[in-house]
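Contents: one structure, followed by commentary.
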Amino acid sequence: MLDVADRLAIHEVVGLYGHLLDDREWSRLGEVFTDDAVFDGRPAGGTVTRTLDELRDHFSGDELQHPLAHHATNIVVYEESGVVRVVSKGIAVGYRGRVGSIVYRDVVRRTEAGWRLAERVVLLRLPSSSDATE
Amino acid sequence: MLDVADRLAIHEVVGLYGHLLDDREWSRLGEVFTDDAVFDGRPAGGTVTRTLDELRDHFSGDELQHPLAHHATNIVVYEESGVVRVVSKGIAVGYRGRVGSIVYRDVVRRTEAGWRLAERVVLLRLPSSSDATE
Amino acid sequence: MLDVADRLAIHEVVGLYGHLLDDREWSRLGEVFTDDAVFDGRPAGGTVTRTLDELRDHFSGDELQHPLAHHATNIVVYEESGVVRVVSKGIAVGYRGRVGSIVYRDVVRRTEAGWRLAERVVLLRLPSSSDATE
């Protein structure tokens, strides 16, 4: 059962992700993810990594082009069958001031060091076929 | 009197709004709004609805063009003469990666199912006449 | 030692900043800043002010061009050697719908009226030289 301190701590972990990524603080990624975290960027056209070390390599690699900044919004924490899940949104700011909209679906886990993401699935928010285009 | 659990629950309801809207989960709108919620989009050039059913019809109707995504920020909860109010900001992401800035003025009410928006007024953030244009 | 009510109150002060700025509510700036607050915009190409009165004059002055809106995200509160610090991000929305990404580094202090920013340093998020451009 989550109390409000847990919930706010989870909000901050989701927020910290953007700071670490944008500041390229790869050595601090363990403050956000568990050691065995699965990061699944495939729904957004990316790749999947299955440990924190793999994720660190992936994020710090030359082949990956990061947006200018990652802004976290719409953080909602909920429990489902004993699993703590988070859905949130991200705004990826591009180098020319345009943005993309992301949805994150996370599983979080309480560790001795605090709440961490054990699983993150990244989805791009794309127009549905029934949406008019601007 | 609001405690911190109430306040954080209200933050999450304001955040959930964007998820439901962007995912077209109209059947779940009752997780955000009371049955008698008044949604007033007139200050942003929209219309007003006076029940949850009306709002659902309005949101799901063909005539309404939704932005790509709704991101909630700057959520501030306060009490005023026994009424719980929220002011927040929204970023509406357009299909070409440009954004609009929104202000939401809400009245929230505690229901048996949790905190819900009983009133939402939507304002577009527009330049004041004294602001220089970019 | 911070409890969760303190932390959420600090989140809301960081959020309130954008409302007051964008609504030009200069008389309410004392709800966000201490009287002796140092606001350092130099890392973002701006100026430094050393009291609330100076900041109010600076913000309300004709020479300063504000963006259309200030959206606060990624708020993380932490204690360091007895000082309460906050790191957050901001999205500055421009008049043509493009955005800039900001990082705020704050020191906050508990006052009789509640938590206030005693120091705010404003940094623009700029591409590192190793980042590819879009």
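Labeling convention for the structure tokens: chains A, B, ... as they appear, residues from 1 per chain, ligands from 1 in order of appearance.
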Using only C-alpha atoms, which chain C residues lie at most 10 Å away from chain A, written as number ranges by chain?
C: 3-5, 7-8, 71-77, 87-94, 97-103, 125-128, 130-134
When you look at Gly82 of chain C with a cut-off of 12 Å (counting only C-alpha atoms), what residues show up, excluding the ones that are within fewer than 2 positions of it in the same chain? I need them as a ChimeraX atom specification.
/C:1-2,78-80,84-85,107-109
Output file for the residues above (N, CA and C atoms, as a CSV table (one decimal), in the first residue's frame):
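Heads up, here's the output in selection_14.csv:
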chain,number,residue,atom,x,y,z
C,1,MET,N,14.5,18.6,8.7
C,1,MET,CA,14.0,17.5,8.0
C,1,MET,C,12.7,17.8,7.3
C,2,LEU,N,12.6,17.5,6.0
C,2,LEU,CA,11.4,17.8,5.3
C,2,LEU,C,10.4,16.7,5.4
C,78,TYR,N,15.6,18.4,-2.6
C,78,TYR,CA,16.5,17.6,-1.9
C,78,TYR,C,17.2,18.5,-0.8
C,79,GLU,N,17.8,17.8,0.2
C,79,GLU,CA,18.5,18.5,1.2
C,79,GLU,C,20.0,18.2,1.1
C,80,GLU,N,20.8,19.3,1.3
C,80,GLU,CA,22.2,19.1,1.2
C,80,GLU,C,22.9,20.0,2.3
C,84,VAL,N,17.9,23.4,1.9
C,84,VAL,CA,16.9,22.7,1.0
C,84,VAL,C,17.0,23.3,-0.4
C,85,ARG,N,17.2,22.4,-1.3
C,85,ARG,CA,17.5,22.8,-2.7
C,85,ARG,C,16.4,22.2,-3.6
C,107,VAL,N,17.4,27.6,-4.0
C,107,VAL,CA,17.4,27.4,-2.6
C,107,VAL,C,16.1,27.8,-2.0
C,108,VAL,N,15.5,27.0,-1.2
C,108,VAL,CA,14.2,27.4,-0.6
C,108,VAL,C,14.3,27.5,0.9
C,109,ARG,N,13.5,28.3,1.5
C,109,ARG,CA,13.6,28.5,2.9
C,109,ARG,C,12.2,28.6,3.5
May I have all residues of segment 9-108 of chain B that DSSP, computed from the backbone, assigns to strand (DSSP E or B), given as a PyMOL selection string?
chain B and resi 33-40+48-49+69-80+83-93+99-108
Written file, previous selection with N, CA and C atoms, as a CSV table (one decimal), in the first residue's frame:
chain,number,residue,atom,x,y,z
B,33,PHE,N,-14.0,14.0,-13.7
B,33,PHE,CA,-15.1,15.0,-13.5
B,33,PHE,C,-16.2,14.4,-12.7
B,34,THR,N,-16.9,15.3,-12.0
B,34,THR,CA,-18.2,14.9,-11.3
B,34,THR,C,-19.3,14.8,-12.4
B,35,ASP,N,-20.3,14.1,-12.0
B,35,ASP,CA,-21.5,13.9,-13.0
B,35,ASP,C,-22.1,15.3,-13.4
B,36,ASP,N,-22.0,16.2,-12.5
B,36,ASP,CA,-22.6,17.5,-12.9
B,36,ASP,C,-21.5,18.6,-13.2
B,37,ALA,N,-20.4,18.1,-13.7
B,37,ALA,CA,-19.3,19.1,-13.9
B,37,ALA,C,-19.7,20.1,-15.0
B,38,VAL,N,-19.3,21.3,-14.8
B,38,VAL,CA,-19.4,22.4,-15.8
B,38,VAL,C,-18.1,22.6,-16.4
B,39,PHE,N,-18.0,22.4,-17.7
B,39,PHE,CA,-16.7,22.6,-18.4
B,39,PHE,C,-16.9,23.8,-19.3
B,40,ASP,N,-16.2,24.8,-19.0
B,40,ASP,CA,-16.4,26.1,-19.7
B,40,ASP,C,-15.2,26.5,-20.6
B,48,VAL,N,-19.5,25.6,-23.7
B,48,VAL,CA,-19.7,25.2,-22.3
B,48,VAL,C,-20.6,24.0,-22.3
B,49,THR,N,-20.3,23.0,-21.4
B,49,THR,CA,-21.2,21.9,-21.2
B,49,THR,C,-21.5,21.9,-19.7
B,69,ALA,N,-1.7,16.5,-28.0
B,69,ALA,CA,-1.5,16.1,-26.6
B,69,ALA,C,-1.7,17.3,-25.6
B,70,HIS,N,-2.1,16.9,-24.4
B,70,HIS,CA,-2.4,17.9,-23.3
B,70,HIS,C,-1.4,17.6,-22.2
B,71,HIS,N,-0.5,18.5,-21.9
B,71,HIS,CA,0.4,18.3,-20.8
B,71,HIS,C,0.1,19.3,-19.7
B,72,ALA,N,0.0,18.8,-18.5
B,72,ALA,CA,-0.4,19.6,-17.3
B,72,ALA,C,0.8,20.0,-16.5
B,73,THR,N,0.9,21.3,-16.1
B,73,THR,CA,2.0,21.8,-15.3
B,73,THR,C,1.4,22.8,-14.3
B,74,ASN,N,2.3,23.3,-13.4
B,74,ASN,CA,2.0,24.4,-12.6
B,74,ASN,C,0.7,24.2,-11.8
B,75,ILE,N,0.5,23.1,-11.2
B,75,ILE,CA,-0.7,22.8,-10.5
B,75,ILE,C,-0.6,23.3,-9.1
B,76,VAL,N,-1.5,24.2,-8.7
B,76,VAL,CA,-1.5,24.8,-7.4
B,76,VAL,C,-3.0,24.7,-6.8
B,77,VAL,N,-3.1,24.1,-5.7
B,77,VAL,CA,-4.3,23.8,-5.0
B,77,VAL,C,-4.5,24.8,-3.9
B,78,TYR,N,-5.7,25.4,-3.8
B,78,TYR,CA,-5.9,26.3,-2.6
B,78,TYR,C,-7.4,26.3,-2.3
B,79,GLU,N,-7.6,26.7,-1.0
B,79,GLU,CA,-9.0,26.8,-0.5
B,79,GLU,C,-9.4,28.2,-0.4
B,80,GLU,N,-10.6,28.5,-0.7
B,80,GLU,CA,-11.1,29.9,-0.7
B,80,GLU,C,-12.6,29.8,-0.2
B,83,VAL,N,-14.3,26.5,-0.5
B,83,VAL,CA,-14.2,25.8,-1.9
B,83,VAL,C,-12.8,25.5,-2.2
B,84,VAL,N,-12.6,24.3,-2.7
B,84,VAL,CA,-11.2,23.9,-3.1
B,84,VAL,C,-11.0,24.2,-4.6
B,85,ARG,N,-10.1,25.0,-4.9
B,85,ARG,CA,-9.8,25.5,-6.2
B,85,ARG,C,-8.4,25.1,-6.7
B,86,VAL,N,-8.3,24.9,-8.0
B,86,VAL,CA,-7.0,24.6,-8.5
B,86,VAL,C,-6.7,25.5,-9.7
B,87,VAL,N,-5.5,26.0,-9.8
B,87,VAL,CA,-5.1,26.7,-11.0
B,87,VAL,C,-3.9,25.9,-11.5
B,88,SER,N,-4.0,25.7,-12.8
B,88,SER,CA,-2.9,24.9,-13.5
B,88,SER,C,-2.7,25.5,-14.9
B,89,LYS,N,-1.6,25.0,-15.5
B,89,LYS,CA,-1.3,25.4,-16.9
B,89,LYS,C,-1.3,24.1,-17.7
B,90,GLY,N,-1.6,24.3,-19.0
B,90,GLY,CA,-1.5,23.2,-19.9
B,90,GLY,C,-0.7,23.6,-21.1
B,91,ILE,N,0.0,22.7,-21.6
B,91,ILE,CA,0.7,22.8,-22.9
B,91,ILE,C,-0.1,22.0,-23.9
B,92,ALA,N,-0.6,22.6,-24.9
B,92,ALA,CA,-1.3,21.8,-26.0
B,92,ALA,C,-0.3,21.7,-27.1
B,93,VAL,N,0.1,20.5,-27.4
B,93,VAL,CA,1.0,20.2,-28.5
B,93,VAL,C,0.3,20.0,-29.8
B,99,VAL,N,3.3,24.7,-29.9
B,99,VAL,CA,2.5,24.5,-28.8
B,99,VAL,C,1.7,25.7,-28.5
B,100,GLY,N,0.6,25.5,-27.8
B,100,GLY,CA,-0.2,26.6,-27.2
B,100,GLY,C,-0.2,26.5,-25.7
B,101,SER,N,-0.3,27.6,-25.0
B,101,SER,CA,-0.3,27.6,-23.6
B,101,SER,C,-1.7,28.0,-23.0
B,102,ILE,N,-2.1,27.1,-22.1
B,102,ILE,CA,-3.5,27.2,-21.5
B,102,ILE,C,-3.4,27.4,-20.0
B,103,VAL,N,-4.4,28.1,-19.5
B,103,VAL,CA,-4.6,28.2,-18.0
B,103,VAL,C,-5.9,27.5,-17.7
B,104,TYR,N,-5.9,26.6,-16.7
B,104,TYR,CA,-7.2,26.0,-16.3
B,104,TYR,C,-7.5,26.6,-14.9
B,105,ARG,N,-8.7,27.0,-14.7
B,105,ARG,CA,-9.2,27.3,-13.3
B,105,ARG,C,-10.3,26.4,-13.0
B,106,ASP,N,-10.0,25.5,-11.9
B,106,ASP,CA,-10.9,24.5,-11.6
B,106,ASP,C,-11.5,24.6,-10.2
B,107,VAL,N,-12.7,24.1,-10.0
B,107,VAL,CA,-13.2,23.8,-8.7
B,107,VAL,C,-13.2,22.3,-8.5
B,108,VAL,N,-12.7,21.8,-7.4
B,108,VAL,CA,-12.7,20.3,-7.2
B,108,VAL,C,-13.5,20.0,-6.0
Calculate how many Å separate atom CA of Gly114 of chain B from atom CA of Glu119 of chain A, rounding to one decimal.
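Pair atom CA of Gly114 of chain B / atom CA of Glu119 of chain A returns 27.7 Å.
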Atom-to-atom span, atom CA of Leu20 of chain B and atom CA of Leu55 of chain B, Å:
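For atom CA of Leu20 of chain B relative to atom CA of Leu55 of chain B, the distance reads 12.9 Å.
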